[in-house]
>>> print(open('query_22.cif').read())   # mmCIF, C-alpha atoms
data_protein
loop_
_atom_site.label_atom_id
_atom_site.label_comp_id
_atom_site.auth_asym_id
_atom_site.auth_seq_id
_atom_site.Cartn_x
_atom_site.Cartn_y
_atom_site.Cartn_z
CA MET A 12 0.00 0.00 0.00
CA THR A 13 1.18 3.53 -0.66
CA LYS A 14 0.48 6.76 1.15
CA HIS A 15 1.70 10.15 -0.14
CA GLY A 16 3.93 8.27 -2.60
CA VAL A 17 5.66 6.10 0.02
CA VAL A 18 5.19 2.37 0.49
CA ILE A 19 3.96 1.49 3.97
CA GLY A 20 3.51 -1.79 5.76
CA PRO A 21 0.91 -3.25 8.11
CA GLU A 22 2.53 -1.62 11.13
CA ASP A 23 2.00 1.79 9.56
CA VAL A 24 -1.60 1.04 8.56
CA ALA A 25 -2.29 0.25 12.19
CA ALA A 26 -1.53 3.86 13.03
CA ALA A 27 -5.07 5.21 12.84
CA ARG A 28 -4.29 8.65 14.30
CA TYR A 29 -1.03 10.51 13.89
CA PHE A 30 -0.96 13.96 15.46
CA SER A 31 -3.12 16.16 17.66
CA PHE A 32 -3.19 19.89 18.38
CA PRO A 33 -3.25 22.17 20.38
CA PRO A 34 -0.78 21.27 23.15
CA PRO A 35 -1.39 21.57 26.88
CA ARG A 36 0.07 24.81 28.21
CA THR A 37 0.75 25.88 31.77
CA THR A 38 0.77 29.52 32.77
CA ALA A 39 3.33 28.80 35.49
CA ALA A 40 5.85 27.65 32.92
CA VAL A 41 5.74 30.92 30.99
CA GLY A 42 7.70 32.85 33.64
CA GLY A 43 10.20 30.03 33.75
CA GLY A 44 12.71 31.82 35.95
CA ASP A 45 13.33 29.16 38.60
CA SER A 46 13.48 26.18 36.25
CA CYS A 47 15.67 28.18 33.88
CA ARG A 48 18.18 28.97 36.63
CA LYS A 49 18.18 25.41 37.96
CA LEU A 50 19.00 23.96 34.53
CA ALA A 51 21.93 26.40 34.20
CA ALA A 52 23.31 25.83 37.70
CA GLN A 53 26.34 23.72 36.81
CA VAL A 54 29.52 24.97 35.14
CA ASP A 55 31.05 23.36 32.07
CA LEU A 56 34.85 23.43 32.30
CA GLY A 57 35.78 22.22 28.81
CA ALA A 58 39.29 22.82 27.36
CA ALA A 59 41.09 22.01 24.12
CA VAL A 60 44.63 22.10 22.76
CA MET A 61 45.68 23.76 19.51
CA GLY A 62 46.04 20.54 17.52
CA SER A 63 42.55 19.31 18.28
CA TRP A 64 41.07 22.73 17.55
CA LEU A 65 42.68 22.92 14.12
CA ASP A 66 41.61 19.36 13.34
CA SER A 67 38.08 20.27 14.35
CA MET A 68 38.11 23.43 12.26
CA LYS A 69 39.23 21.41 9.24
CA ALA A 70 36.58 18.78 9.88
CA SER A 71 33.90 21.46 9.55
CA SER A 72 35.00 22.10 5.97
CA PRO A 73 33.10 20.10 3.33
CA ARG A 74 36.25 20.11 1.16
CA HIS A 75 38.10 18.12 3.82
CA ARG A 76 35.20 15.72 4.38
CA LEU A 77 35.08 14.93 0.68
CA MET A 78 38.71 13.77 0.55
CA ALA A 79 38.77 9.96 0.41
CA PRO A 80 42.03 7.98 0.66
CA VAL A 81 40.79 5.16 -1.60
CA PRO A 82 38.58 5.41 -4.73
CA GLY A 83 35.04 4.45 -3.77
CA ALA A 84 35.73 4.78 -0.04
CA ALA A 85 33.55 7.89 0.22
CA ASP A 86 30.58 6.07 -1.36
CA ALA A 87 30.98 3.11 0.99
CA GLU A 88 31.22 5.42 3.99
CA HIS A 89 28.14 7.32 2.89
CA ASP A 90 26.11 4.15 2.31
CA ASP A 91 27.01 2.82 5.75
CA TRP A 92 26.15 6.15 7.34
CA MET A 93 22.79 6.33 5.57
CA GLU A 94 21.97 2.84 6.77
CA ARG A 95 22.49 3.99 10.35
CA HIS A 96 20.87 7.42 9.81
CA PRO A 97 18.21 6.97 7.10
CA SER A 98 16.44 9.77 5.29
CA ALA A 99 13.53 11.22 7.25
CA LEU A 100 11.67 11.50 3.94
CA ASP A 101 12.19 7.85 3.01
CA ARG A 102 11.09 6.76 6.49
CA PHE A 103 8.43 9.41 6.91
CA ASP A 104 5.47 7.06 7.30
CA ALA A 105 7.25 4.98 9.94
CA LEU A 106 8.18 8.21 11.72
CA ALA A 107 4.57 9.39 11.60
CA ALA A 108 3.35 6.02 12.88
CA ALA A 109 5.69 6.34 15.88
CA ALA A 110 4.02 9.67 16.65
CA GLN A 111 0.46 8.33 16.52
CA GLY A 112 -1.72 9.64 19.31
CA LYS A 113 1.06 11.90 20.61
CA GLN A 114 1.48 15.66 20.69
CA VAL A 115 4.09 16.63 18.12
CA ALA A 116 6.33 19.61 18.89
CA VAL A 117 8.75 20.93 16.27
CA PHE A 118 12.15 22.51 16.96
CA LEU A 119 14.20 23.96 14.09
CA ASP A 120 17.71 25.33 13.78
CA TYR A 121 17.99 28.26 11.37
CA ASP A 122 21.29 28.48 9.43
CA GLY A 123 21.82 25.44 7.24
CA THR A 124 18.36 24.14 8.13
CA LEU A 125 15.81 26.78 7.13
CA SER A 126 18.28 28.77 5.04
CA PRO A 127 21.43 27.75 3.15
CA ILE A 128 24.86 28.42 4.61
CA VAL A 129 26.24 31.57 2.94
CA GLU A 130 29.53 33.43 3.13
CA ASP A 131 27.94 36.56 4.63
CA PRO A 132 25.84 35.57 7.70
CA ASP A 133 23.78 38.76 7.32
CA ARG A 134 22.49 37.45 3.97
CA ALA A 135 21.24 34.08 5.25
CA VAL A 136 17.62 34.77 4.33
CA MET A 137 14.95 32.12 4.10
CA THR A 138 12.73 31.81 1.05
CA ASP A 139 9.06 32.73 1.07
CA GLU A 140 8.28 29.07 0.37
CA MET A 141 10.18 27.96 3.47
CA ARG A 142 8.49 30.64 5.56
CA ASP A 143 5.11 29.41 4.37
CA ALA A 144 6.05 25.81 5.26
CA VAL A 145 7.09 26.85 8.78
CA ARG A 146 3.93 28.96 9.15
CA CYS A 147 1.74 25.99 8.24
CA VAL A 148 3.59 23.72 10.69
CA ALA A 149 3.20 26.29 13.49
CA ALA A 150 -0.54 26.45 12.82
CA ARG A 151 -0.75 22.76 13.75
CA PHE A 152 2.07 22.08 16.21
CA PRO A 153 3.95 24.14 18.81
CA THR A 154 7.04 25.27 16.94
CA ALA A 155 10.33 26.86 18.03
CA ILE A 156 13.43 28.19 16.30
CA VAL A 157 16.57 27.26 18.26
CA SER A 158 19.59 29.12 16.90
CA GLY A 159 23.03 30.34 17.84
CA ARG A 160 22.03 33.68 16.36
CA CYS A 161 20.82 36.63 18.37
CA ARG A 162 17.10 36.12 18.95
CA ASP A 163 16.17 39.44 17.36
CA LYS A 164 18.32 38.68 14.30
CA VAL A 165 16.75 35.28 13.68
CA PHE A 166 13.27 36.78 14.13
CA SER A 167 14.12 39.40 11.50
CA PHE A 168 14.82 36.53 9.09
CA VAL A 169 11.82 34.34 9.97
CA ARG A 170 9.21 37.04 10.76
CA LEU A 171 6.61 34.68 12.23
CA ALA A 172 5.22 35.96 15.53
CA GLU A 173 3.48 32.69 16.40
CA LEU A 174 6.73 30.81 17.08
CA TYR A 175 8.94 30.37 20.12
CA TYR A 176 12.42 31.81 19.55
CA ALA A 177 15.52 30.57 21.37
CA GLY A 178 18.54 32.67 20.38
CA SER A 179 22.16 32.56 21.55
CA HIS A 180 22.04 28.74 21.65
CA GLY A 181 18.99 28.89 23.85
CA MET A 182 20.29 31.49 26.31
CA ASP A 183 17.61 33.97 25.22
CA ILE A 184 14.14 32.43 24.90
CA ARG A 185 10.86 34.16 24.20
CA GLY A 186 7.42 32.82 23.47
CA PRO A 187 4.96 33.79 20.73
CA THR A 188 3.92 37.41 20.46
CA ALA A 189 0.66 38.61 18.93
CA ASP A 190 2.25 41.60 17.22
CA PRO A 191 5.41 40.87 15.17
CA ASN A 192 6.15 44.59 14.93
CA HIS A 193 6.78 44.71 18.68
CA HIS A 194 9.22 41.81 18.75
CA GLY A 195 12.66 43.07 19.79
CA LYS A 196 11.38 46.29 21.36
CA ALA A 197 11.06 46.94 25.08
CA GLU A 198 9.87 43.71 26.66
CA SER A 199 8.06 43.06 29.91
CA GLU A 200 9.70 40.60 32.31
CA SER A 201 6.93 38.07 31.71
CA SER A 202 7.52 38.03 27.93
CA VAL A 203 11.08 36.75 28.29
CA LEU A 204 10.91 33.08 29.20
CA CYS A 205 14.55 32.40 29.94
CA GLN A 206 17.85 34.31 30.02
CA PRO A 207 20.19 32.20 32.19
CA ALA A 208 23.29 34.20 31.22
CA SER A 209 21.90 37.71 31.70
CA LYS A 210 24.63 38.72 34.18
CA PHE A 211 27.24 38.12 31.45
CA LEU A 212 25.82 40.71 29.06
CA PRO A 213 28.23 43.58 29.98
CA VAL A 214 31.21 41.22 29.64
CA MET A 215 30.00 39.96 26.27
CA GLU A 216 29.77 43.53 24.97
CA GLU A 217 33.33 44.21 26.17
CA VAL A 218 34.74 41.06 24.54
CA TYR A 219 32.83 41.77 21.32
CA ALA A 220 34.53 45.17 21.04
CA ALA A 221 37.92 43.58 21.69
CA LEU A 222 37.42 40.87 19.06
CA VAL A 223 36.24 43.37 16.44
CA SER A 224 39.23 45.63 17.02
CA GLN A 225 41.87 42.87 17.19
CA VAL A 226 40.68 40.03 14.96
CA GLU A 227 38.87 41.59 12.00
CA PRO A 228 41.67 44.02 10.96
CA SER A 229 44.44 41.39 11.15
CA ILE A 230 42.72 38.28 9.73
CA PRO A 231 41.32 38.87 6.20
CA GLY A 232 37.84 37.41 5.84
CA ALA A 233 37.16 37.05 9.58
CA LYS A 234 33.83 38.43 10.75
CA VAL A 235 32.75 38.86 14.38
CA GLU A 236 29.00 38.71 15.03
CA ASN A 237 27.35 39.85 18.27
CA ASN A 238 24.62 37.35 19.14
CA LYS A 239 23.95 38.90 22.55
CA PHE A 240 24.83 36.01 24.87
CA CYS A 241 27.13 34.39 22.30
CA LEU A 242 29.83 35.93 20.11
CA SER A 243 30.50 34.28 16.76
CA VAL A 244 33.83 34.54 14.95
CA HIS A 245 33.14 33.37 11.41
CA PHE A 246 36.09 31.92 9.45
CA ARG A 247 34.19 30.73 6.36
CA CYS A 248 35.99 33.34 4.26
CA VAL A 249 39.39 32.98 5.96
CA GLU A 250 42.19 31.16 4.12
CA GLU A 251 43.09 27.90 5.84
CA HIS A 252 46.72 28.95 6.45
CA ALA A 253 45.39 31.76 8.70
CA TRP A 254 43.17 29.57 10.89
CA GLU A 255 45.85 29.01 13.51
CA ALA A 256 46.51 32.75 13.79
CA LEU A 257 42.77 33.36 14.07
CA PHE A 258 42.40 30.83 16.86
CA GLU A 259 45.40 32.25 18.74
CA GLN A 260 44.04 35.79 18.54
CA VAL A 261 40.65 34.77 19.84
CA ARG A 262 42.25 32.79 22.65
CA ALA A 263 44.48 35.75 23.53
CA VAL A 264 41.44 37.98 23.96
CA LEU A 265 39.69 35.39 26.15
CA LYS A 266 42.61 34.81 28.53
CA ASP A 267 41.49 37.82 30.55
CA TYR A 268 37.93 36.51 30.82
CA PRO A 269 37.88 33.24 32.80
CA GLY A 270 34.09 33.24 32.91
CA LEU A 271 33.86 32.64 29.16
CA ARG A 272 34.57 29.55 27.07
CA LEU A 273 35.33 28.89 23.42
CA THR A 274 33.34 26.37 21.40
CA GLN A 275 33.05 25.61 17.70
CA GLY A 276 30.22 25.33 15.23
CA ARG A 277 30.08 25.06 11.46
CA LYS A 278 32.93 27.27 10.20
CA VAL A 279 32.61 29.45 13.29
CA LEU A 280 34.30 29.86 16.68
CA GLU A 281 31.88 30.84 19.41
CA VAL A 282 32.44 32.60 22.73
CA ARG A 283 29.90 31.71 25.38
CA PRO A 284 29.39 32.23 29.11
CA MET A 285 30.78 29.33 31.10
CA ILE A 286 27.45 27.95 32.26
CA ARG A 287 25.94 24.56 31.58
CA TRP A 288 23.49 25.69 28.94
CA ASP A 289 23.15 24.66 25.33
CA LYS A 290 20.51 23.75 22.77
CA GLY A 291 19.75 20.57 24.69
CA LYS A 292 18.96 22.55 27.84
CA ALA A 293 16.89 24.95 25.73
CA LEU A 294 14.93 22.00 24.34
CA GLU A 295 14.25 20.72 27.86
CA PHE A 296 13.15 24.18 28.98
CA LEU A 297 10.82 24.66 26.02
CA LEU A 298 9.20 21.26 26.57
CA CYS A 299 8.61 22.35 30.17
CA ALA A 300 7.21 25.72 29.06
CA LEU A 301 4.82 23.91 26.74
CA GLY A 302 3.52 21.86 29.64
CA PHE A 303 5.35 18.63 28.80
CA ALA A 304 7.75 18.51 31.76
CA ASP A 305 5.99 15.58 33.39
CA ALA A 306 4.50 14.09 30.25
CA ALA A 307 5.09 10.41 29.65
CA LYS A 308 7.11 9.65 26.54
CA ASP A 309 3.97 8.17 25.01
CA ASP A 310 2.25 11.57 25.21
CA VAL A 311 4.61 13.87 23.30
CA PHE A 312 6.76 13.48 20.18
CA PRO A 313 9.43 16.22 19.84
CA ILE A 314 11.04 16.58 16.41
CA TYR A 315 14.33 18.48 16.35
CA VAL A 316 15.94 19.39 13.01
CA GLY A 317 19.42 20.91 12.82
CA ASP A 318 22.66 20.83 10.83
CA ASP A 319 25.36 21.92 13.26
CA ARG A 320 27.45 20.24 15.95
CA THR A 321 25.74 22.53 18.47
CA ASP A 322 22.47 20.73 17.64
CA GLU A 323 23.99 17.47 18.88
CA ASP A 324 23.18 18.53 22.46
CA ALA A 325 19.50 18.51 21.54
CA PHE A 326 19.80 15.19 19.70
CA ARG A 327 21.39 13.65 22.80
CA VAL A 328 18.55 14.92 24.98
CA LEU A 329 16.00 13.18 22.76
CA ARG A 330 18.00 9.95 22.81
CA ALA A 331 18.31 10.09 26.61
CA ARG A 332 14.56 10.65 26.95
CA GLY A 333 13.81 7.86 24.47
CA GLN A 334 11.43 10.30 22.87
CA GLY A 335 10.78 11.91 19.50
CA ALA A 336 13.21 12.14 16.60
CA GLY A 337 16.44 14.03 15.97
CA ILE A 338 17.06 14.86 12.31
CA LEU A 339 20.49 15.98 11.11
CA VAL A 340 20.70 18.13 7.97
CA SER A 341 23.85 17.08 6.12
CA ARG A 342 25.03 15.75 2.76
CA PHE A 343 28.16 14.30 4.32
CA PRO A 344 28.72 11.48 6.84
CA LYS A 345 29.63 12.66 10.31
CA GLU A 346 29.20 11.47 13.86
CA THR A 347 25.75 12.31 15.17
CA SER A 348 23.23 11.36 17.82
CA ALA A 349 20.39 12.08 15.39
CA SER A 350 18.25 9.17 14.25
CA PHE A 351 17.43 10.48 10.77
CA THR A 352 18.89 12.79 8.15
CA LEU A 353 17.86 15.29 5.49
CA ARG A 354 20.25 16.52 2.83
CA ASP A 355 19.58 20.26 2.74
CA PRO A 356 17.01 23.00 3.42
CA ALA A 357 15.02 21.94 0.34
CA GLU A 358 14.44 18.52 1.94
CA VAL A 359 13.63 20.20 5.26
CA LYS A 360 10.90 22.17 3.49
CA GLU A 361 9.54 18.98 1.94
CA PHE A 362 9.55 17.24 5.32
CA LEU A 363 7.68 20.12 6.98
CA ARG A 364 5.08 20.11 4.22
CA LYS A 365 4.55 16.36 4.68
CA LEU A 366 3.89 16.95 8.39
CA VAL A 367 1.15 19.38 7.44
CA VAL A 368 -0.36 17.04 4.84
CA VAL A 369 -0.50 14.13 7.28
CA ASN A 370 -2.06 16.28 9.96
CA ALA A 371 -4.68 17.60 7.53
CA SER A 372 -5.53 14.09 6.33
CA THR A 373 -6.06 12.75 9.87
CA SER A 374 -7.84 15.75 11.43
#
>>> encode(input="query_22.cif", output="structure tokens")
Amino acid sequence: MTKHGVVIGPEDVAAARYFSFPPPRTTAAVGGGDSCRKLAAQVDLGAAVMGSWLDSMKASSPRHRLMAPVPGAADAEHDDWMERHPSALDRFDALAAAAQGKQVAVFLDYDGTLSPIVEDPDRAVMTDEMRDAVRCVAARFPTAIVSGRCRDKVFSFVRLAELYYAGSHGMDIRGPTADPNHHGKAESESSVLCQPASKFLPVMEEVYAALVSQVEPSIPGAKVENNKFCLSVHFRCVEEHAWEALFEQVRAVLKDYPGLRLTQGRKVLEVRPMIRWDKGKALEFLLCALGFADAAKDDVFPIYVGDDRTDEDAFRVLRARGQGAGILVSRFPKETSASFTLRDPAEVKEFLRKLVVVNASTS
């Protein structure tokens, strides 16, 4: 039997009802202050040496990932990887069957997921078609954007007031607002769900100024982006021979700020407050804010879609909970805790549209 062009088996036919909406919501969770602070209570004391940092920076380059020592080795590696992390489109009906009778909640990274990765981060705009797909999903399921970007910046790209937005890797979370024109203006305390690193804001501004003045003039192609509670040093346009100098300059600036740590994303070094908070913690907080803190795993089905190593924290949370589905957006094999994959933003859009079609057909 086929459904929406995909062959399904008896186990899928048995799934009489897929998704439901709206979700339970608790007014107590909207303030979120206490639970937010508790989740951020522990300090992460990670460290790395130069060699491992450079290896990691190279690993984030598609050109390096495509280099295969033996002809055909890349194809074999990719086939093995796809067997372990199958396409979410190919397995869509099985995925939908697993969500039958449960409340679906959708969490989406932005760069590389809803928009393509581009050389200039300020030009990472999403298409109108993608915006429409996200809008339709949000009309049926609680939906959040979880990004390393500044929350206001990612909202300026997405421009959908009905979503939750978690910027700065989840260190700046706000719920839906009725008026999109007021998003980013003066906010009441109750409108901000969670800002666990708020005391670091003056320090982040100081370090941002130092990075702009010291890194950008001396490293051609480097761009420093202020994401409020996270500073991003983009090296996508930096020649590889200058990566070591870039890393050393960033580390030199940070040596006077022991409360900050350096992490890495996709062609970007990121400066964050040294608190135990990441996209995984943001996912846990949002599930709590949506009223799912005490929900049994048979009651809710979170779907998290992201392309970056920072999204792995969220994938690990889903695996630990034995709940939902993590979907990595990547054309290339890499270690991941996600269960499924999509190749690019175009496939993400197709996946989101299929969620809407299935919901409409079972409502």
>>> resolve_selection(input="query_22.cif", expression="the PyMOL selection byres ((chain A and resi 260-265) around 12)", output="PyMOL selection string")
chain A and resi 58-61+64+214-215+217-230+233-235+242-246+253-259+266-274+279-285
>>> resolve_selection(input="query_22.cif", expression="the PyMOL selection byres ((chain A and resi 299-316) around 7)", output="number ranges by chain")
A: 35-37, 40-41, 110, 113-120, 295-298, 317, 334-339
>>> atom_distance(input="query_22.cif", atom1="CA of Tyr121 in chain A", atom2="CA of Ala144 in chain A")
13.6 Å
>>> atom_distance(input="query_22.cif", atom1="CA of His89 in chain A", atom2="CA of Phe351 in chain A")
13.7 Å
>>> resolve_selection(input="query_22.cif", expression="the PyMOL selection byres ((chain A and resi 322-328) around 7)", output="short mmCIF file (atom, residue, chain, number, x, y, z; two decimals) with C-alpha atoms, in the frame of the given file")
data_model
loop_
_atom_site.label_atom_id
_atom_site.label_comp_id
_atom_site.auth_asym_id
_atom_site.auth_seq_id
_atom_site.Cartn_x
_atom_site.Cartn_y
_atom_site.Cartn_z
CA ASP A 289 23.15 24.66 25.33
CA LYS A 290 20.51 23.75 22.77
CA GLY A 291 19.75 20.57 24.69
CA LEU A 294 14.93 22.00 24.34
CA GLY A 317 19.42 20.91 12.82
CA ASP A 318 22.66 20.83 10.83
CA ASP A 319 25.36 21.92 13.26
CA ARG A 320 27.45 20.24 15.95
CA THR A 321 25.74 22.53 18.47
CA LEU A 329 16.00 13.18 22.76
CA ARG A 330 18.00 9.95 22.81
CA ALA A 331 18.31 10.09 26.61
CA ARG A 332 14.56 10.65 26.95
CA GLY A 337 16.44 14.03 15.97
CA THR A 347 25.75 12.31 15.17
CA SER A 348 23.23 11.36 17.82
CA ALA A 349 20.39 12.08 15.39
#
>>> atom_distance(input="query_22.cif", atom1="CA of Ser63 in chain A", atom2="CA of Ser341 in chain A")
22.4 Å
>>> residues_around(input="query_22.cif", residues="Ser158 in chain A", least_positions_apart="6", cutoff="7 Å", atoms="only C-alpha atoms", output="PyMOL selection string")
chain A and resi 120-121+177-181
>>> closest_residue(input="query_22.cif", among="A:Gly123, A:His96, A:Val169, A:Asp90", to="Val145 in chain A", atoms="all atoms listed in the file")
A:Val169
>>> residues_near_point(input="query_22.cif", point="(9.1, 27.6, -1.7)", cutoff="12 Å", atoms="only C-alpha atoms", output="list in words")
Leu125, Ser126, Met137, Thr138, Asp139, Glu140, Met141, Arg142, Asp143, Ala144, Val145, Pro356, Ala357, Glu358, Val359, Lys360, Glu361, Leu363 and Arg364 of chain A
>>> closest_residue(input="query_22.cif", among="A:Gln275, A:Ala135, A:Ala293, A:Asp104", to="Tyr176 in chain A", atoms="all atoms listed in the file")
A:Ala293
>>> closest_residue(input="query_22.cif", among="A:Ala371, A:Arg287, A:Asp355, A:Arg342", to="Ala85 in chain A", atoms="only C-alpha atoms")
A:Arg342
>>> closest_residue(input="query_22.cif", among="A:Gly333, A:Pro344, A:Pro97, A:Gly159", to="Asp183 in chain A", atoms="only C-alpha atoms")
A:Gly159
>>> residues_around(input="query_22.cif", residues="Phe166 in chain A", least_positions_apart="3", cutoff="12 Å", atoms="all atoms listed in the file", output="PyMOL selection string")
chain A and resi 121+136-137+142+155-158+160-163+169-178+184-188+191-195
>>> closest_residue(input="query_22.cif", among="A:Ser209, A:Asn237, A:Thr352, A:Thr373", to="Ile286 in chain A", atoms="all atoms listed in the file")
A:Ser209
>>> closest_residue(input="query_22.cif", among="A:Met182, A:Leu212, A:Val368, A:Val129", to="Lys292 in chain A", atoms="all atoms listed in the file")
A:Met182
>>> decode(input="query_22.cif", residues="range 137-158 of chain A", atoms="N, CA and C atoms", output="mmCIF file, in the first residue's frame")
data_model
loop_
_atom_site.group_PDB
_atom_site.id
_atom_site.type_symbol
_atom_site.label_atom_id
_atom_site.label_comp_id
_atom_site.auth_asym_id
_atom_site.auth_seq_id
_atom_site.Cartn_x
_atom_site.Cartn_y
_atom_site.Cartn_z
ATOM 1 N N MET A 137 15.741 33.274 4.477
ATOM 2 C CA MET A 137 14.948 32.115 4.100
ATOM 3 C C MET A 137 14.002 32.498 2.968
ATOM 4 N N THR A 138 13.621 31.542 2.169
ATOM 5 C CA THR A 138 12.726 31.815 1.048
ATOM 6 C C THR A 138 11.295 31.979 1.543
ATOM 7 N N ASP A 139 10.473 32.598 0.725
ATOM 8 C CA ASP A 139 9.061 32.729 1.070
ATOM 9 C C ASP A 139 8.397 31.359 1.162
ATOM 10 N N GLU A 140 8.844 30.426 0.329
ATOM 11 C CA GLU A 140 8.275 29.072 0.370
ATOM 12 C C GLU A 140 8.599 28.374 1.683
ATOM 13 N N MET A 141 9.828 28.553 2.183
ATOM 14 C CA MET A 141 10.185 27.964 3.468
ATOM 15 C C MET A 141 9.402 28.626 4.598
ATOM 16 N N ARG A 142 9.261 29.939 4.528
ATOM 17 C CA ARG A 142 8.490 30.638 5.561
ATOM 18 C C ARG A 142 7.052 30.132 5.591
ATOM 19 N N ASP A 143 6.475 29.919 4.430
ATOM 20 C CA ASP A 143 5.105 29.408 4.369
ATOM 21 C C ASP A 143 5.024 27.996 4.958
ATOM 22 N N ALA A 144 6.041 27.165 4.701
ATOM 23 C CA ALA A 144 6.053 25.810 5.257
ATOM 24 C C ALA A 144 6.120 25.850 6.776
ATOM 25 N N VAL A 145 6.981 26.731 7.325
ATOM 26 C CA VAL A 145 7.089 26.852 8.778
ATOM 27 C C VAL A 145 5.799 27.408 9.364
ATOM 28 N N ARG A 146 5.197 28.385 8.677
ATOM 29 C CA ARG A 146 3.934 28.961 9.147
ATOM 30 C C ARG A 146 2.844 27.888 9.246
ATOM 31 N N CYS A 147 2.767 27.039 8.242
ATOM 32 C CA CYS A 147 1.745 25.987 8.239
ATOM 33 C C CYS A 147 1.996 24.962 9.346
ATOM 34 N N VAL A 148 3.265 24.640 9.600
ATOM 35 C CA VAL A 148 3.589 23.723 10.692
ATOM 36 C C VAL A 148 3.188 24.330 12.030
ATOM 37 N N ALA A 149 3.506 25.632 12.221
ATOM 38 C CA ALA A 149 3.203 26.295 13.488
ATOM 39 C C ALA A 149 1.706 26.424 13.727
ATOM 40 N N ALA A 150 0.909 26.390 12.665
ATOM 41 C CA ALA A 150 -0.545 26.452 12.820
ATOM 42 C C ALA A 150 -1.095 25.147 13.381
ATOM 43 N N ARG A 151 -0.288 24.080 13.323
ATOM 44 C CA ARG A 151 -0.755 22.758 13.750
ATOM 45 C C ARG A 151 -0.009 22.212 14.959
ATOM 46 N N PHE A 152 1.253 22.593 15.112
ATOM 47 C CA PHE A 152 2.068 22.079 16.211
ATOM 48 C C PHE A 152 2.814 23.232 16.879
ATOM 49 N N PRO A 153 3.062 23.149 18.191
ATOM 50 C CA PRO A 153 3.947 24.143 18.811
ATOM 51 C C PRO A 153 5.314 24.067 18.147
ATOM 52 N N THR A 154 5.835 25.233 17.765
ATOM 53 C CA THR A 154 7.043 25.272 16.943
ATOM 54 C C THR A 154 8.012 26.307 17.486
ATOM 55 N N ALA A 155 9.294 25.949 17.517
ATOM 56 C CA ALA A 155 10.328 26.856 18.028
ATOM 57 C C ALA A 155 11.514 26.882 17.079
ATOM 58 N N ILE A 156 12.158 28.054 16.984
ATOM 59 C CA ILE A 156 13.435 28.195 16.299
ATOM 60 C C ILE A 156 14.510 28.230 17.372
ATOM 61 N N VAL A 157 15.490 27.331 17.276
ATOM 62 C CA VAL A 157 16.570 27.257 18.262
ATOM 63 C C VAL A 157 17.877 27.510 17.520
ATOM 64 N N SER A 158 18.466 28.679 17.729
ATOM 65 C CA SER A 158 19.589 29.116 16.903
ATOM 66 C C SER A 158 20.709 29.691 17.753
#
